[in-house]
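Read through the structure below, which is laid out as structure tokens, and then see the notes.
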Amino acid sequence: MWENGSLIDQYQARLVSPPVLLMAGFVAPWFDSGEEAYEKAVREGLKQCLSMKRRGDLWRIDRYSIEMNPHESDSAWPYDDSFMTPELKASGGCISDQDLLGKVLAAGAPRERAAPDPVAALERQCDAFAKRGGKRHVFVFLHDMSGFDLKQDAAISRLRNIAQESSTVLHCICPDVAGQWALLRELCLSNPEGSFTEATVEGMVDGLVDVYASLCSRFEISYAPPATAGPVSVKLRVSSSLGQAEMSFDVPPAQPAMAPAAEPVPVMAPAAQEAPGQPA
């Protein structure tokens, strides 16, 4: 660890315990072709997150239509009938089995199972999660062809009510149209656990994986910083048998009256994964 180029050799790392049960929902646009760049990014991001999924955690993957005249879905089930066993229906479409999730992801969803819009898809997710206890996080992939409603006060108010009533934390991923969803960004960040990621289509994968990794396992690192009056740039290098990664953090300058220089400065970082589902 370095601060402004100075090596830090006095620090402590503590594993922050993840929730006992994590329920993760994913809401993404429905595409007719799996060759769409956006669809490829969604599937790759989910595939990488699936490798980190803990055995008991639950997932539900919903799609929403981006068509001008969306098909009216008459089913609350997000998957093809071949997957909808009585057991899966009883669980509200929530899946813990990693192999089954891989098959669902590879097969995609039928057009008639897509919700008419992202708000309806999110509502379906929250209804399914409401039947179970656990920490609830929903990731919404935004698309400019279906984003008009999400820029209106009425839709944001509805989303806020859905999230509050179901105790759901929202995470939105916005590709290539930065600054288009100011109200939605404010809603996501109003919860200290929420997030709003703006990235290119290619960057969506890293954006999703970074946030999901922080939910599964993470370390809290504290250290005694050297005396400095200006902004602080912290570089953290993590090495394991899988390789090496570097992360950079910008820390605001400390206020002497509130935070003396001797006080530890906490830095949150996602845990390096030694194996699927296991923290480093």
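Identifiers for the structure tokens are assigned positionally: chains receive A, B, ... in sequence, residues are indexed from 1 per chain, and ligands are indexed from 1 in the order shown.
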(message) List as a PyMOL selection string the protein and nucleic acid residues near stretch 6-18 of chain A, meaning an atom at most 7 Å away when only C-alpha atoms are counted, but skip any in the same chain fewer than 6 places from it.
(response) chain A and resi 215-224
Just write the chosen residues, N, CA and C atoms, as a PDB file, in the first residue's frame.
ATOM      1  N   LEU A 215     -20.339  -7.180  -2.403  1.00  0.00           N
ATOM      2  CA  LEU A 215     -21.431  -7.726  -1.613  1.00  0.00           C
ATOM      3  C   LEU A 215     -21.092  -9.102  -1.055  1.00  0.00           C
ATOM      4  N   CYS A 216     -20.269  -9.852  -1.785  1.00  0.00           N
ATOM      5  CA  CYS A 216     -19.936 -11.219  -1.375  1.00  0.00           C
ATOM      6  C   CYS A 216     -18.920 -11.244  -0.244  1.00  0.00           C
ATOM      7  N   SER A 217     -17.854 -10.491  -0.391  1.00  0.00           N
ATOM      8  CA  SER A 217     -16.808 -10.464   0.638  1.00  0.00           C
ATOM      9  C   SER A 217     -15.913  -9.272   0.377  1.00  0.00           C
ATOM     10  N   ARG A 218     -15.443  -8.655   1.423  1.00  0.00           N
ATOM     11  CA  ARG A 218     -14.566  -7.500   1.279  1.00  0.00           C
ATOM     12  C   ARG A 218     -13.738  -7.332   2.544  1.00  0.00           C
ATOM     13  N   PHE A 219     -12.656  -6.605   2.397  1.00  0.00           N
ATOM     14  CA  PHE A 219     -11.769  -6.336   3.530  1.00  0.00           C
ATOM     15  C   PHE A 219     -11.841  -4.860   3.911  1.00  0.00           C
ATOM     16  N   GLU A 220     -11.721  -4.605   5.195  1.00  0.00           N
ATOM     17  CA  GLU A 220     -11.576  -3.249   5.687  1.00  0.00           C
ATOM     18  C   GLU A 220     -10.115  -3.088   6.093  1.00  0.00           C
ATOM     19  N   ILE A 221      -9.445  -2.127   5.478  1.00  0.00           N
ATOM     20  CA  ILE A 221      -8.022  -1.917   5.726  1.00  0.00           C
ATOM     21  C   ILE A 221      -7.835  -0.578   6.444  1.00  0.00           C
ATOM     22  N   SER A 222      -7.163  -0.613   7.579  1.00  0.00           N
ATOM     23  CA  SER A 222      -6.883   0.607   8.347  1.00  0.00           C
ATOM     24  C   SER A 222      -5.372   0.777   8.451  1.00  0.00           C
ATOM     25  N   TYR A 223      -4.922   2.040   8.369  1.00  0.00           N
ATOM     26  CA  TYR A 223      -3.489   2.299   8.484  1.00  0.00           C
ATOM     27  C   TYR A 223      -3.274   3.699   9.036  1.00  0.00           C
ATOM     28  N   ALA A 224      -2.093   3.933   9.566  1.00  0.00           N
ATOM     29  CA  ALA A 224      -1.730   5.244  10.090  1.00  0.00           C
ATOM     30  C   ALA A 224      -1.030   6.008   8.974  1.00  0.00           C
TER      31      ALA A 224
END
Give the helix (DSSP H, G or I) residues of stretch 62-196 of chain A, as DSSP finds them on the backbone, and put them as a PDB file with C-alpha atoms, in the first residue's frame.
ATOM      1  CA  PRO A  86     -42.911 -26.978  -9.302  1.00  0.00           C
ATOM      2  CA  GLU A  87     -39.975 -26.415  -6.937  1.00  0.00           C
ATOM      3  CA  LEU A  88     -38.792 -23.363  -8.862  1.00  0.00           C
ATOM      4  CA  LYS A  89     -42.310 -21.930  -8.976  1.00  0.00           C
ATOM      5  CA  ALA A  90     -42.604 -22.422  -5.226  1.00  0.00           C
ATOM      6  CA  GLN A  98     -25.138 -22.654  -9.819  1.00  0.00           C
ATOM      7  CA  ASP A  99     -25.439 -25.197 -12.652  1.00  0.00           C
ATOM      8  CA  LEU A 100     -29.097 -24.391 -13.203  1.00  0.00           C
ATOM      9  CA  LEU A 101     -28.339 -20.671 -13.260  1.00  0.00           C
ATOM     10  CA  GLY A 102     -25.684 -21.298 -15.896  1.00  0.00           C
ATOM     11  CA  LYS A 103     -28.228 -23.119 -18.066  1.00  0.00           C
ATOM     12  CA  VAL A 104     -30.840 -20.369 -17.606  1.00  0.00           C
ATOM     13  CA  LEU A 105     -28.299 -17.721 -18.541  1.00  0.00           C
ATOM     14  CA  ALA A 106     -27.164 -19.605 -21.638  1.00  0.00           C
ATOM     15  CA  ALA A 107     -30.721 -20.269 -22.832  1.00  0.00           C
ATOM     16  CA  ARG A 111     -39.914 -12.829 -25.626  1.00  0.00           C
ATOM     17  CA  GLU A 112     -43.288 -13.399 -23.971  1.00  0.00           C
ATOM     18  CA  ARG A 113     -41.624 -13.651 -20.549  1.00  0.00           C
ATOM     19  CA  PRO A 118     -37.925  -2.089 -16.226  1.00  0.00           C
ATOM     20  CA  VAL A 119     -40.203  -0.881 -13.425  1.00  0.00           C
ATOM     21  CA  ALA A 120     -42.551  -3.829 -13.934  1.00  0.00           C
ATOM     22  CA  ALA A 121     -39.558  -6.214 -14.010  1.00  0.00           C
ATOM     23  CA  LEU A 122     -38.243  -4.761 -10.763  1.00  0.00           C
ATOM     24  CA  GLU A 123     -41.685  -5.102  -9.188  1.00  0.00           C
ATOM     25  CA  ARG A 124     -41.765  -8.786 -10.148  1.00  0.00           C
ATOM     26  CA  GLN A 125     -38.367  -9.246  -8.527  1.00  0.00           C
ATOM     27  CA  CYS A 126     -39.398  -7.609  -5.279  1.00  0.00           C
ATOM     28  CA  ASP A 127     -42.620  -9.639  -5.128  1.00  0.00           C
ATOM     29  CA  ALA A 128     -40.569 -12.842  -5.411  1.00  0.00           C
ATOM     30  CA  PHE A 129     -38.038 -11.721  -2.793  1.00  0.00           C
ATOM     31  CA  ASP A 144     -31.976   4.384 -23.712  1.00  0.00           C
ATOM     32  CA  MET A 145     -34.854   2.788 -25.689  1.00  0.00           C
ATOM     33  CA  SER A 146     -36.768   2.165 -22.495  1.00  0.00           C
ATOM     34  CA  ASP A 149     -40.273   6.663 -17.753  1.00  0.00           C
ATOM     35  CA  LEU A 150     -37.253   6.392 -15.489  1.00  0.00           C
ATOM     36  CA  LYS A 151     -36.539  10.081 -16.042  1.00  0.00           C
ATOM     37  CA  ASP A 153     -40.764  12.029 -11.056  1.00  0.00           C
ATOM     38  CA  ALA A 154     -43.781   9.675 -10.992  1.00  0.00           C
ATOM     39  CA  ALA A 155     -41.736   6.622 -12.002  1.00  0.00           C
ATOM     40  CA  ILE A 156     -38.965   7.454  -9.527  1.00  0.00           C
ATOM     41  CA  SER A 157     -41.519   7.855  -6.760  1.00  0.00           C
ATOM     42  CA  ARG A 158     -42.954   4.438  -7.635  1.00  0.00           C
ATOM     43  CA  LEU A 159     -39.498   2.890  -7.630  1.00  0.00           C
ATOM     44  CA  ARG A 160     -38.714   4.479  -4.285  1.00  0.00           C
ATOM     45  CA  ASN A 161     -41.868   2.998  -2.770  1.00  0.00           C
ATOM     46  CA  ILE A 162     -41.146  -0.449  -4.222  1.00  0.00           C
ATOM     47  CA  ALA A 163     -37.600  -0.425  -2.865  1.00  0.00           C
ATOM     48  CA  GLN A 164     -38.614   0.809   0.571  1.00  0.00           C
ATOM     49  CA  GLU A 165     -41.564  -1.572   0.984  1.00  0.00           C
ATOM     50  CA  SER A 166     -39.474  -4.584  -0.043  1.00  0.00           C
ATOM     51  CA  ALA A 182     -30.169  12.102 -12.747  1.00  0.00           C
ATOM     52  CA  LEU A 183     -33.271  11.258 -10.673  1.00  0.00           C
ATOM     53  CA  LEU A 184     -32.555   7.545 -10.748  1.00  0.00           C
ATOM     54  CA  ARG A 185     -28.937   8.123  -9.785  1.00  0.00           C
ATOM     55  CA  GLU A 186     -30.063  10.179  -6.803  1.00  0.00           C
ATOM     56  CA  LEU A 187     -32.465   7.409  -5.759  1.00  0.00           C
ATOM     57  CA  CYS A 188     -29.797   4.684  -5.926  1.00  0.00           C
ATOM     58  CA  LEU A 189     -27.245   6.710  -3.991  1.00  0.00           C
TER      59      LEU A 189
END
(request) Please identify all polymer residues within 7 Å of stretch 42-48 of chain A, counting only C-alpha atoms, omitting same-chain residues fewer than 4 positions from it, and present them as a list of chain:residue names. (result)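 Residues meeting the cut-off are A:Tyr38, A:Leu105, A:Val205, A:Leu208, A:Val209.
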File dump, residues just selected, N, CA and C atoms, as a tab-separated table (two decimals), in the first residue's frame:
chain	number	residue	atom	x	y	z
A	38	TYR	N	-24.59	-5.32	-26.29
A	38	TYR	CA	-25.15	-5.11	-24.95
A	38	TYR	C	-25.46	-6.45	-24.31
A	105	LEU	N	-29.00	-18.84	-17.92
A	105	LEU	CA	-28.30	-17.72	-18.54
A	105	LEU	C	-27.96	-18.02	-20.00
A	205	VAL	N	-19.27	-4.84	-17.76
A	205	VAL	CA	-18.86	-6.08	-17.11
A	205	VAL	C	-18.09	-5.77	-15.84
A	208	LEU	N	-20.36	-4.15	-13.10
A	208	LEU	CA	-21.21	-5.11	-12.39
A	208	LEU	C	-20.39	-5.98	-11.45
A	209	VAL	N	-19.29	-6.51	-11.94
A	209	VAL	CA	-18.47	-7.44	-11.15
A	209	VAL	C	-17.91	-6.75	-9.91
(request) Just the residues within 8 Å of A:Phe139, please, counting only C-alpha atoms, with nothing from its chain fewer than 3 positions along; format it as a PyMOL selection string. (result) chain A and resi 24-27+170-173
(message) Considering only C-alpha atoms, can you say which of A:Gly134, A:Tyr79, A:Arg60, A:Met247 comes closest to A:Pro110?
(response) A:Tyr79
(request) Select, from A:Ala28, A:Met68, A:Leu242, A:Ala76, the residue with the minimum atom-to-atom distance to A:Gly108, counting only C-alpha atoms. (result) A:Ala28
(message) One decimal, in Å: what's the spacing between atom CA of A:Asp206 and atom CA of A:Lys53?
(response)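 Spanning atom CA of A:Asp206 to atom CA of A:Lys53 is a straight-line distance of 15.9 Å.
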(request) Could you please determine the separation between atom CA of A:Gly194 and atom CA of A:His143 in Å, to one decimal place? (result)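 It comes out at 19.1 Å.
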(request) Would you list the contacts of A:Leu58 as a list in words, taking every protein, DNA or RNA residue within 8 Å and counting only C-alpha atoms, but skipping same-chain residues closer than 2 positions in sequence? (result)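 Those residues are Leu21, Leu22, Met23, Ala24, Gly56, Arg60, Cys94, Ile95 and Ser96 of chain A.
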(request) Counting only C-alpha atoms, figure out which residue out of A:Val20, A:Met84, A:Ala109, A:Cys49 gets nearest to A:Ile61. (result) A:Ala109
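Going from atom CA of A:Ser214 to atom CA of A:Ala245 covers 15.2 Å.
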(request) Between A:Val140, A:Gly5, A:Ser51, A:Ser33, single out the one closest to A:Arg63, counting only C-alpha atoms. (result)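 Smallest distance to A:Arg63 is found for A:Val140.
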